[in-house]
Amino acid sequence: MAVTHTIEEAVQLRSSGQAEEARDMLLQLLSEGDSNAELHYQLAWTHDVLGLESEAVAYYEQSLALGLPDADQKAGAMLGLGSTYRTLGQYAESRVVLEQGALEFPQRAEFKAFLAMTLHNLGAHTEAMELLLTLLADTSSDPGIQDYRKAIKYYADKLEQVWP
């Protein structure tokens with residue numbers, strides 16, 4: 001008699017450092033026909049944890065195509081996919097996904113941070129710096145940053161400008 005596992009059990013395994021066992025469990029669920037958006041998302045995440053980024057992509061894409069009903073999971077899948085594209089050198093694809101994520105989830109600053117990395121990879125250094133400086137000014141609780149918040153935001157899009 002086959003033992004049936006759950007996605008939650010696999011997530012617990014991954015969280016406790018047993019990602020390979022979690023991957024095996026999730027792949028078993030997939031082979032049993034339990035194909036849903038969350039399963040694909042958890043498979044993608046687990047492949048990323050194991051350093052199997054190129055294998056993670058298809059699972060991220062499928063999880064989004066199937067429609068993750070939970071907003072946090074959708075944001076996680078979009079961020080994971082965008083970041084994974086970047087690590088694989090697929091910068092244009094990364095930019096598209098991360099920009100879409102930043103639009104859909106404007107309250108989630110992580111999209112802007114990862115987008116800045118991708119922009120750097122694309123050679124858009126000024127745009128990347130502007131994004132990071134604005135993010136820093138908007139989110140840092142550091143007293144020094146807060147003291148100079150207005151100046152940081154003002155200069156964020158004027159990095160190449162020289163004043164006489």
# chains A, B, ... in the order shown; residues from 1 in each chain; ligands from 1
>>> select_by_dssp(residues="stretch 35-103 of chain A", states="alpha helix (DSSP H)", output="MDAnalysis selection string")
chainID A and resid 37:49 53:66 71:87 91:103
>>> residues_around(residues="stretch 94-97 of chain A", least_positions_apart="3", cutoff="7 Å", atoms="only C-alpha atoms", output="PyMOL selection string")
chain A and resi 78+82-83+85-86+90-91+100-101+115+118
>>> residues_around(residues="A:Ile152", least_positions_apart="6", cutoff="8 Å", atoms="only C-alpha atoms", output="VMD selection string")
chain A and resid 133 to 134 137
>>> write_last_selection(atoms="N, CA and C atoms", output="compact mmCIF listing (two decimals), in the first residue's frame")
# COMPACT_ATOMS: atom_id res chain seq x y z
N LEU A 133 18.45 53.49 -4.47
CA LEU A 133 18.50 54.65 -3.59
C LEU A 133 17.10 55.05 -3.12
N THR A 134 16.14 55.00 -4.01
CA THR A 134 14.76 55.31 -3.63
C THR A 134 14.23 54.28 -2.64
N ALA A 137 15.85 54.96 0.73
CA ALA A 137 15.26 56.13 1.38
C ALA A 137 13.86 55.84 1.91
>>> closest_residue(among="A:Leu50, A:Ala151, A:Ala116, A:Ala37", to="A:Ala77", atoms="only C-alpha atoms")
A:Ala37
>>> atom_distance(atom1="atom CA of A:Arg23", atom2="atom CA of A:Arg108")
27.7 Å
>>> closest_residue(among="A:Leu43, A:Leu30, A:Ala75, A:Val162", to="A:Glu99", atoms="only C-alpha atoms")
A:Ala75
>>> closest_residue(among="A:Leu52, A:Ile7, A:Leu135, A:Val57", to="A:Ala22", atoms="only C-alpha atoms")
A:Ile7
>>> closest_residue(among="A:Ser63, A:Gln107, A:Thr84, A:Gln12", to="A:Glu38", atoms="only C-alpha atoms")
A:Ser63
>>> residues_around(residues="A:Ala58", least_positions_apart="5", cutoff="10 Å", atoms="only C-alpha atoms", output="mmCIF file with N, CA and C atoms, in the first residue's frame")
data_model
loop_
_atom_site.group_PDB
_atom_site.id
_atom_site.type_symbol
_atom_site.label_atom_id
_atom_site.label_comp_id
_atom_site.auth_asym_id
_atom_site.auth_seq_id
_atom_site.Cartn_x
_atom_site.Cartn_y
_atom_site.Cartn_z
ATOM 1 N N HIS A 40 3.254 22.892 -7.946
ATOM 2 C CA HIS A 40 4.302 23.367 -8.853
ATOM 3 C C HIS A 40 5.148 24.465 -8.195
ATOM 4 N N TYR A 41 4.501 25.341 -7.451
ATOM 5 C CA TYR A 41 5.222 26.403 -6.740
ATOM 6 C C TYR A 41 6.196 25.801 -5.726
ATOM 7 N N LEU A 43 7.446 22.821 -5.718
ATOM 8 C CA LEU A 43 8.509 22.122 -6.453
ATOM 9 C C LEU A 43 9.560 23.112 -6.953
ATOM 10 N N ALA A 44 9.111 24.242 -7.472
ATOM 11 C CA ALA A 44 10.041 25.265 -7.951
ATOM 12 C C ALA A 44 10.924 25.742 -6.809
ATOM 13 N N GLU A 53 18.347 25.557 -10.354
ATOM 14 C CA GLU A 53 17.588 26.680 -10.892
ATOM 15 C C GLU A 53 16.976 26.391 -12.259
ATOM 16 N N SER A 63 3.210 26.985 -12.175
ATOM 17 C CA SER A 63 2.423 27.419 -11.011
ATOM 18 C C SER A 63 1.679 28.716 -11.329
ATOM 19 N N LEU A 64 2.335 29.613 -12.038
ATOM 20 C CA LEU A 64 1.696 30.878 -12.408
ATOM 21 C C LEU A 64 0.639 30.670 -13.487
ATOM 22 N N LEU A 81 10.656 33.224 -9.864
ATOM 23 C CA LEU A 81 10.892 33.071 -11.295
ATOM 24 C C LEU A 81 11.799 34.182 -11.818
#
>>> atom_distance(atom1="atom CA of A:Val49", atom2="atom CA of A:Ser16")
11.9 Å
>>> atom_distance(atom1="atom CA of A:Lys74", atom2="atom CA of A:Ala113")
17.6 Å
>>> closest_residue(among="A:Ala92, A:Ala71, A:Leu79, A:Ala124", to="A:Lys112", atoms="only C-alpha atoms")
A:Leu79
